[in-house]
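Colleague: Got a file for you: entry-v1.txt, compact mmCIF, C-alpha atoms (C1' of nucleotides).
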```txt
# COMPACT_ATOMS: atom_id res chain seq x y z
CA MET A 13 -25.50 30.18 -2.35
CA PRO A 14 -22.48 30.63 -4.59
CA HIS A 15 -22.43 28.50 -7.68
CA ARG A 16 -20.19 25.50 -7.17
CA GLU A 17 -18.78 23.50 -10.01
CA ASN A 18 -18.23 19.78 -9.63
CA ALA A 19 -14.84 18.95 -8.23
CA THR A 20 -12.30 18.45 -10.96
CA LEU A 21 -8.91 16.92 -10.52
CA ARG A 22 -7.33 20.18 -11.57
CA ASN A 23 -9.02 22.34 -8.98
CA ILE A 24 -8.37 19.77 -6.28
CA TYR A 25 -4.70 19.96 -7.22
CA ASP A 26 -4.73 23.76 -7.17
CA LEU A 27 -6.35 23.85 -3.74
CA LEU A 28 -3.86 21.39 -2.29
CA TRP A 29 -0.91 23.14 -3.87
CA ALA A 30 -2.09 26.51 -2.55
CA GLU A 31 -2.45 25.05 0.95
CA TYR A 32 0.60 22.83 1.27
CA GLY A 33 3.05 23.81 -1.49
CA PRO A 34 5.77 21.53 -2.83
CA GLN A 35 6.26 18.26 -0.97
CA HIS A 36 9.68 17.31 -2.39
CA TRP A 37 8.88 13.64 -2.81
CA TRP A 38 10.04 10.87 -2.74
CA PRO A 39 11.80 11.27 0.64
CA ALA A 40 14.96 9.40 -0.36
CA ASP A 41 18.57 10.07 -1.35
CA SER A 42 18.72 7.79 -4.39
CA ALA A 43 16.62 5.76 -6.83
CA THR A 44 17.76 2.62 -5.02
CA GLU A 45 16.36 4.01 -1.80
CA VAL A 46 13.09 4.94 -3.55
CA ILE A 47 12.62 1.38 -4.80
CA ILE A 48 13.44 -0.18 -1.45
CA GLY A 49 11.12 2.29 0.29
CA ALA A 50 8.32 1.57 -2.17
CA ILE A 51 8.48 -2.14 -1.34
CA LEU A 52 8.86 -1.60 2.39
CA THR A 53 5.95 0.83 2.68
CA GLN A 54 3.37 -1.69 1.51
CA ASN A 55 0.61 -1.66 4.12
CA THR A 56 2.95 0.12 6.50
CA ALA A 57 3.21 3.59 8.04
CA TRP A 58 6.11 5.53 6.53
CA LYS A 59 7.66 6.17 9.93
CA ASN A 60 8.30 2.44 10.34
CA VAL A 61 9.82 2.29 6.88
CA GLU A 62 12.22 5.10 7.76
CA HIS A 63 13.41 3.09 10.73
CA ALA A 64 14.12 0.04 8.56
CA ILE A 65 15.90 2.11 5.91
CA LYS A 66 17.99 3.71 8.62
CA ASN A 67 19.00 0.21 9.73
CA LEU A 68 20.05 -0.65 6.18
CA LYS A 69 21.99 2.59 5.82
CA GLN A 70 23.82 2.22 9.10
CA ALA A 71 24.85 -1.31 8.18
CA ASP A 72 25.87 -0.01 4.74
CA TYR A 73 23.48 -2.40 3.01
CA LEU A 74 21.63 0.19 0.94
CA SER A 75 22.82 -1.06 -2.44
CA TRP A 76 21.70 -3.87 -4.74
CA LEU A 77 24.97 -5.71 -4.41
CA GLU A 78 24.76 -5.70 -0.63
CA ILE A 79 21.09 -6.70 -0.66
CA ARG A 80 22.03 -9.53 -2.98
CA ASN A 81 24.86 -10.78 -0.78
CA ILE A 82 23.30 -10.36 2.64
CA GLU A 83 21.95 -13.44 4.43
CA THR A 84 18.16 -13.48 4.39
CA ASP A 85 17.78 -13.74 8.16
CA ARG A 86 20.15 -10.81 8.65
CA LEU A 87 18.10 -8.78 6.18
CA GLU A 88 14.91 -9.78 7.99
CA LYS A 89 16.27 -8.49 11.27
CA LEU A 90 17.14 -5.12 9.75
CA LEU A 91 13.69 -4.84 8.16
CA LYS A 92 11.80 -5.78 11.30
CA PRO A 93 10.60 -2.26 12.22
CA ALA A 94 8.78 -2.04 8.88
CA GLY A 95 6.54 -5.02 9.68
CA THR A 96 5.90 -8.12 7.54
CA TYR A 97 9.66 -8.37 7.49
CA ARG A 98 9.88 -11.92 6.15
CA ILE A 99 7.74 -11.07 3.16
CA LYS A 100 9.61 -7.84 2.54
CA ALA A 101 13.02 -9.49 2.79
CA ARG A 102 11.85 -12.06 0.27
CA ARG A 103 10.54 -9.32 -2.04
CA LEU A 104 13.77 -7.33 -1.96
CA LYS A 105 15.76 -10.49 -2.63
CA GLY A 106 13.43 -11.36 -5.50
CA PHE A 107 13.74 -7.89 -6.98
CA VAL A 108 17.52 -8.06 -6.89
CA GLU A 109 17.53 -11.49 -8.52
CA THR A 110 15.46 -10.15 -11.42
CA LEU A 111 17.81 -7.19 -11.66
CA TRP A 112 20.78 -9.54 -11.93
CA LYS A 113 19.25 -12.09 -14.25
CA GLN A 114 17.62 -9.68 -16.70
CA TRP A 115 19.08 -6.20 -16.27
CA GLU A 116 22.75 -6.68 -15.46
CA GLY A 117 22.17 -5.48 -11.93
CA SER A 118 21.09 -2.04 -13.09
CA HIS A 119 17.78 -0.46 -12.14
CA GLU A 120 18.47 2.21 -14.79
CA SER A 121 18.22 -0.50 -17.45
CA LEU A 122 15.11 -1.97 -15.89
CA LEU A 123 13.48 1.46 -15.79
CA SER A 124 14.38 2.67 -19.26
CA GLY A 125 12.03 2.31 -22.21
CA PRO A 126 8.38 3.09 -22.87
CA THR A 127 6.40 3.58 -19.65
CA GLU A 128 3.87 0.81 -20.38
CA GLU A 129 6.63 -1.66 -21.18
CA VAL A 130 8.59 -0.85 -18.03
CA ARG A 131 5.39 -1.11 -16.03
CA CYS A 132 4.82 -4.65 -17.32
CA ARG A 133 8.37 -5.61 -16.37
CA LEU A 134 7.80 -4.35 -12.84
CA LEU A 135 4.41 -6.04 -12.45
CA ALA A 136 5.98 -9.34 -13.48
CA ILE A 137 8.21 -9.21 -10.40
CA SER A 138 6.67 -10.93 -7.39
CA GLY A 139 5.80 -8.46 -4.66
CA ILE A 140 5.28 -5.54 -7.03
CA GLY A 141 1.65 -4.65 -7.69
CA PRO A 142 0.17 -1.65 -9.48
CA GLU A 143 0.76 0.95 -6.78
CA THR A 144 4.32 -0.10 -6.03
CA ALA A 145 5.10 -0.33 -9.76
CA ASP A 146 3.73 3.16 -10.40
CA ALA A 147 5.55 4.65 -7.41
CA ILE A 148 8.81 3.20 -8.74
CA LEU A 149 8.06 4.40 -12.28
CA LEU A 150 7.30 7.93 -11.15
CA TYR A 151 9.70 8.50 -8.28
CA ALA A 152 12.66 6.36 -9.31
CA GLY A 153 12.29 6.46 -13.10
CA ASN A 154 10.67 9.87 -13.73
CA HIS A 155 8.00 8.27 -15.87
CA PRO A 156 4.79 10.29 -16.30
CA ILE A 157 2.30 8.11 -14.43
CA PHE A 158 -0.12 8.79 -11.61
CA VAL A 159 0.17 6.78 -8.40
CA VAL A 160 -3.23 5.85 -6.97
CA ASP A 161 -3.24 5.02 -3.29
CA THR A 162 -5.78 4.46 -0.52
CA TYR A 163 -6.00 8.16 0.28
CA THR A 164 -6.63 9.01 -3.37
CA LYS A 165 -9.57 6.62 -3.51
CA ARG A 166 -10.94 7.80 -0.18
CA ILE A 167 -10.65 11.50 -1.02
CA LEU A 168 -12.11 11.19 -4.52
CA ARG A 169 -14.95 9.01 -3.30
CA ARG A 170 -15.70 11.46 -0.56
CA HIS A 171 -15.97 14.31 -3.03
CA GLY A 172 -18.09 12.35 -5.44
CA VAL A 173 -15.48 12.19 -8.20
CA ILE A 174 -15.61 8.38 -8.20
CA ASP A 175 -17.94 5.76 -6.78
CA ASP A 176 -17.28 2.53 -4.94
CA SER A 177 -16.90 0.53 -8.12
CA ALA A 178 -13.86 2.53 -9.30
CA THR A 179 -10.79 0.37 -9.71
CA TYR A 180 -7.12 1.29 -9.67
CA GLY A 181 -7.06 1.42 -13.45
CA THR A 182 -10.16 3.55 -13.88
CA ILE A 183 -8.99 6.05 -11.29
CA GLN A 184 -5.60 6.29 -12.93
CA SER A 185 -7.24 6.82 -16.34
CA LEU A 186 -9.25 9.66 -14.87
CA PHE A 187 -6.05 11.45 -13.89
CA HIS A 188 -4.45 10.75 -17.24
CA GLN A 189 -7.47 12.14 -19.08
CA GLU A 190 -7.23 15.43 -17.26
CA LEU A 191 -3.44 15.57 -16.97
CA GLU A 192 -1.69 14.23 -20.01
CA PRO A 193 1.00 11.67 -19.12
CA SER A 194 3.85 13.55 -20.77
CA ALA A 195 7.31 14.51 -19.59
CA GLU A 196 6.21 18.01 -18.62
CA ASN A 197 3.62 16.56 -16.23
CA VAL A 198 6.03 14.31 -14.32
CA GLN A 199 6.44 16.99 -11.69
CA VAL A 200 2.67 17.47 -11.42
CA PHE A 201 2.13 13.73 -10.87
CA ASN A 202 4.97 13.78 -8.37
CA GLU A 203 3.47 16.61 -6.32
CA TYR A 204 -0.17 15.58 -6.73
CA HIS A 205 0.27 12.14 -5.20
CA ALA A 206 2.38 13.57 -2.38
CA LEU A 207 -0.19 16.32 -1.73
CA LEU A 208 -3.02 13.77 -1.55
CA VAL A 209 -1.05 11.76 0.99
CA GLU A 210 -0.45 14.92 3.01
CA LEU A 211 -4.16 15.77 2.90
CA GLY A 212 -5.07 12.20 3.78
CA LYS A 213 -2.77 12.11 6.77
CA ARG A 214 -4.12 15.40 8.10
CA HIS A 215 -7.83 15.05 7.42
CA CYS A 216 -8.95 11.67 6.15
CA ARG A 217 -7.60 9.23 8.69
CA THR A 218 -10.71 9.13 10.81
CA LYS A 219 -14.42 9.14 10.13
CA ALA A 220 -14.68 12.71 11.37
CA ILE A 221 -15.95 15.21 8.85
CA CYS A 222 -13.24 17.22 7.15
CA THR A 223 -13.27 20.49 9.07
CA GLY A 224 -10.47 22.84 8.20
CA CYS A 225 -9.68 20.66 5.19
CA PRO A 226 -8.54 22.63 2.10
CA LEU A 227 -11.26 20.84 0.13
CA GLU A 228 -14.09 21.57 2.54
CA ASP A 229 -15.76 24.00 0.14
CA LEU A 230 -16.05 21.30 -2.50
CA PRO A 231 -19.17 19.14 -2.55
CA HIS A 232 -18.60 16.14 -0.29
CA LYS A 233 -20.25 13.18 1.36
CA GLU A 234 -20.31 12.57 5.06
CA GLN A 235 -18.90 9.08 5.13
CA LEU A 236 -15.52 7.81 4.06
C1' DG B 23 -6.65 -3.42 23.34
C1' DA B 24 -8.55 -2.27 18.95
C1' DC B 25 -7.48 -0.14 14.89
C1' DC B 26 -4.74 1.58 11.23
C1' DA B 27 -0.68 2.37 8.05
C1' DG B 28 1.68 5.43 1.26
C1' DG B 29 -0.35 -3.57 -0.68
C1' DC B 30 0.35 -7.95 -2.50
C1' DA B 31 -0.07 -13.00 -3.34
C1' DC B 32 -2.65 -16.78 -3.03
C1' DA B 33 -6.86 -19.63 -2.10
C1' DT B 34 -11.47 -20.14 -2.69
C1' DC B 35 -16.09 -19.33 -4.20
C1' DG C 29 -13.63 -11.92 -11.53
C1' DA C 30 -14.97 -10.82 -6.96
C1' DT C 31 -14.05 -11.59 -2.25
C1' DG C 32 -11.36 -13.22 1.86
C1' DT C 33 -7.10 -13.95 4.38
C1' DG C 34 -2.14 -13.96 5.98
C1' DC C 35 1.58 -11.12 6.63
C1' DA C 36 3.40 -8.33 11.54
C1' DT C 37 5.38 -4.03 13.35
C1' DG C 38 4.77 0.50 15.86
C1' DG C 39 1.80 4.56 16.77
C1' DT C 40 -2.64 6.50 18.39
```
Represent the structure contained in this file as structure tokens.
Modeller:
Amino acid sequence: MPHRENATLRNIYDLLWAEYGPQHWWPADSATEVIIGAILTQNTAWKNVEHAIKNLKQADYLSWLEIRNIETDRLEKLLKPAGTYRIKARRLKGFVETLWKQWEGSHESLLSGPTEEVRCRLLAISGIGPETADAILLYAGNHPIFVVDTYTKRILRRHGVIDDSATYGTIQSLFHQELEPSAENVQVFNEYHALLVELGKRHCRTKAICTGCPLEDLPHKEQL
DNA sequence: GACCAGGCACATC
DNA sequence: GATGTGCATGGT
């Protein structure tokens, strides 16, 4: 038997990068679109989000001013393909109101400053939790922060890097210990999260054992 | 027809 | 502070 080291976050990254290469995330044309997508994708398959964003684009509503002015029930109709459309319409409206009241309608203002401070601002907005906040920080604001999602937890648990008691914060700290949250690592955080989602979609959606998975040579547990 | 998808807020224990 | 529940569509 070859000697196998414990899985580290670095070698997981290297394996995924070697297999899949750059993912070019976030799939969006603007920071505005990133933020809207981040809110719409909550508990929702990305394909459905794309449909809703397409609706907004076609109606020319993909700007904060338009979101602010649109009637709520009209917005709800456009968001319908993304699911939980009433909640999501309310969340977008709420986000825009905060933008207007506190940041002169500018997401650049909201997103500028020390990462921890901006993160607190985002978390204070209703409808934005840790994952959504971090996705916005990283993909719309280029802040060096790791986005932990369901796939991340599932994959790391499966390979024994974390146990069931790991929380969002502890998992994120793990990444930040191994990959310093500095400007030069923004691109690594960007790709790493995207690569984990890609791996998750391909291999960790079912309870089947990961055959053909780029991480199959790492130690792993049978169950999710 | 069940189950899941790139969560979050709120109620309750 | 841990756990449960509503939100709701579209794909497999």
Colleague: From the list A:Ala64, A:Val46, A:Ile137, A:Leu28, which residue is nearest Ala206 (chain A) when using all atoms listed in the file?
Modeller: A:Leu28
Colleague: Mind checking which residues fall within 12 Å of Gly224 (chain A), counting all atoms listed in the file, ignoring those fewer than 6 positions away in the same chain, and posting them as JSON, numbers by chain?
Modeller: {"A": [31, 211, 214, 215, 216]}
Colleague: One decimal, in Å: what's the spacing between CA of Ser185 (chain A) and CA of Glu128 (chain A)?
Modeller: 13.3 Å
Colleague: Only residues of chain A matter here; which ones have an atom within 6 Å of chain C, counting all atoms listed in the file? Give them as a PyMOL selection string.
Modeller: chain A and resi 93-96
Colleague: What is the distance, in Å and to one decimal place, between C1' of DA31 (chain B) and CA of Ile51 (chain A)?
Modeller: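 These atoms are spaced 14.0 Å apart.
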Colleague: Distance CA of Glu192 (chain A)-CA of Ile157 (chain A), one decimal place?
Modeller: 9.2 Å
Colleague: Between chain B and chain A, at 12 Å or less, what are the per-residue closest atom pairs and their distances in Å? Count only C-alpha atoms (C1' of nucleotides), order by chain and rising residue number, and return it as JSON lines.
Modeller:
```
{"residue": "B:DC25", "atom": "C1'", "partner": "A:Thr218", "partner_atom": "CA", "distance": 10.6}
{"residue": "B:DC26", "atom": "C1'", "partner": "A:Arg217", "partner_atom": "CA", "distance": 8.6}
{"residue": "B:DA27", "atom": "C1'", "partner": "A:Ala57", "partner_atom": "CA", "distance": 4.1}
{"residue": "B:DG28", "atom": "C1'", "partner": "A:Thr53", "partner_atom": "CA", "distance": 6.4}
{"residue": "B:DG29", "atom": "C1'", "partner": "A:Gln54", "partner_atom": "CA", "distance": 4.7}
{"residue": "B:DC30", "atom": "C1'", "partner": "A:Gly139", "partner_atom": "CA", "distance": 5.9}
{"residue": "B:DA31", "atom": "C1'", "partner": "A:Gly139", "partner_atom": "CA", "distance": 7.5}
{"residue": "B:DC32", "atom": "C1'", "partner": "A:Ser138", "partner_atom": "CA", "distance": 11.8}
```
Colleague: Need the shell around region 197-201 of chain A: protein/DNA/RNA residues with any atom at most 10 Å away, counting all atoms listed in the file. Skip same-chain ones fewer than 5 positions apart. Format as a PyMOL selection string?
Modeller: chain A and resi 25+34+36-37+150-151+154-159+187-188+191-192+206-207
Colleague: I need chain B written out with C-alpha atoms (C1' of nucleotides), as a CSV table (one decimal), in the first residue's frame; please produce it.
Modeller:
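The resulting selection-v6.csv:
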```csv
chain,number,residue,atom,x,y,z
B,23,DG,C1',-44.4,11.1,-6.7
B,24,DA,C1',-40.5,11.6,-3.8
B,25,DC,C1',-36.5,14.0,-3.4
B,26,DC,C1',-33.3,17.6,-4.1
B,27,DA,C1',-31.2,22.3,-5.3
B,28,DG,C1',-24.9,26.9,-4.7
B,29,DG,C1',-30.3,29.2,2.7
B,30,DC,C1',-32.6,32.1,5.7
B,31,DA,C1',-35.8,33.8,9.3
B,32,DC,C1',-38.6,32.8,12.9
B,33,DA,C1',-40.8,29.9,16.5
B,34,DT,C1',-40.1,26.8,20.0
B,35,DC,C1',-37.9,23.8,23.2
```
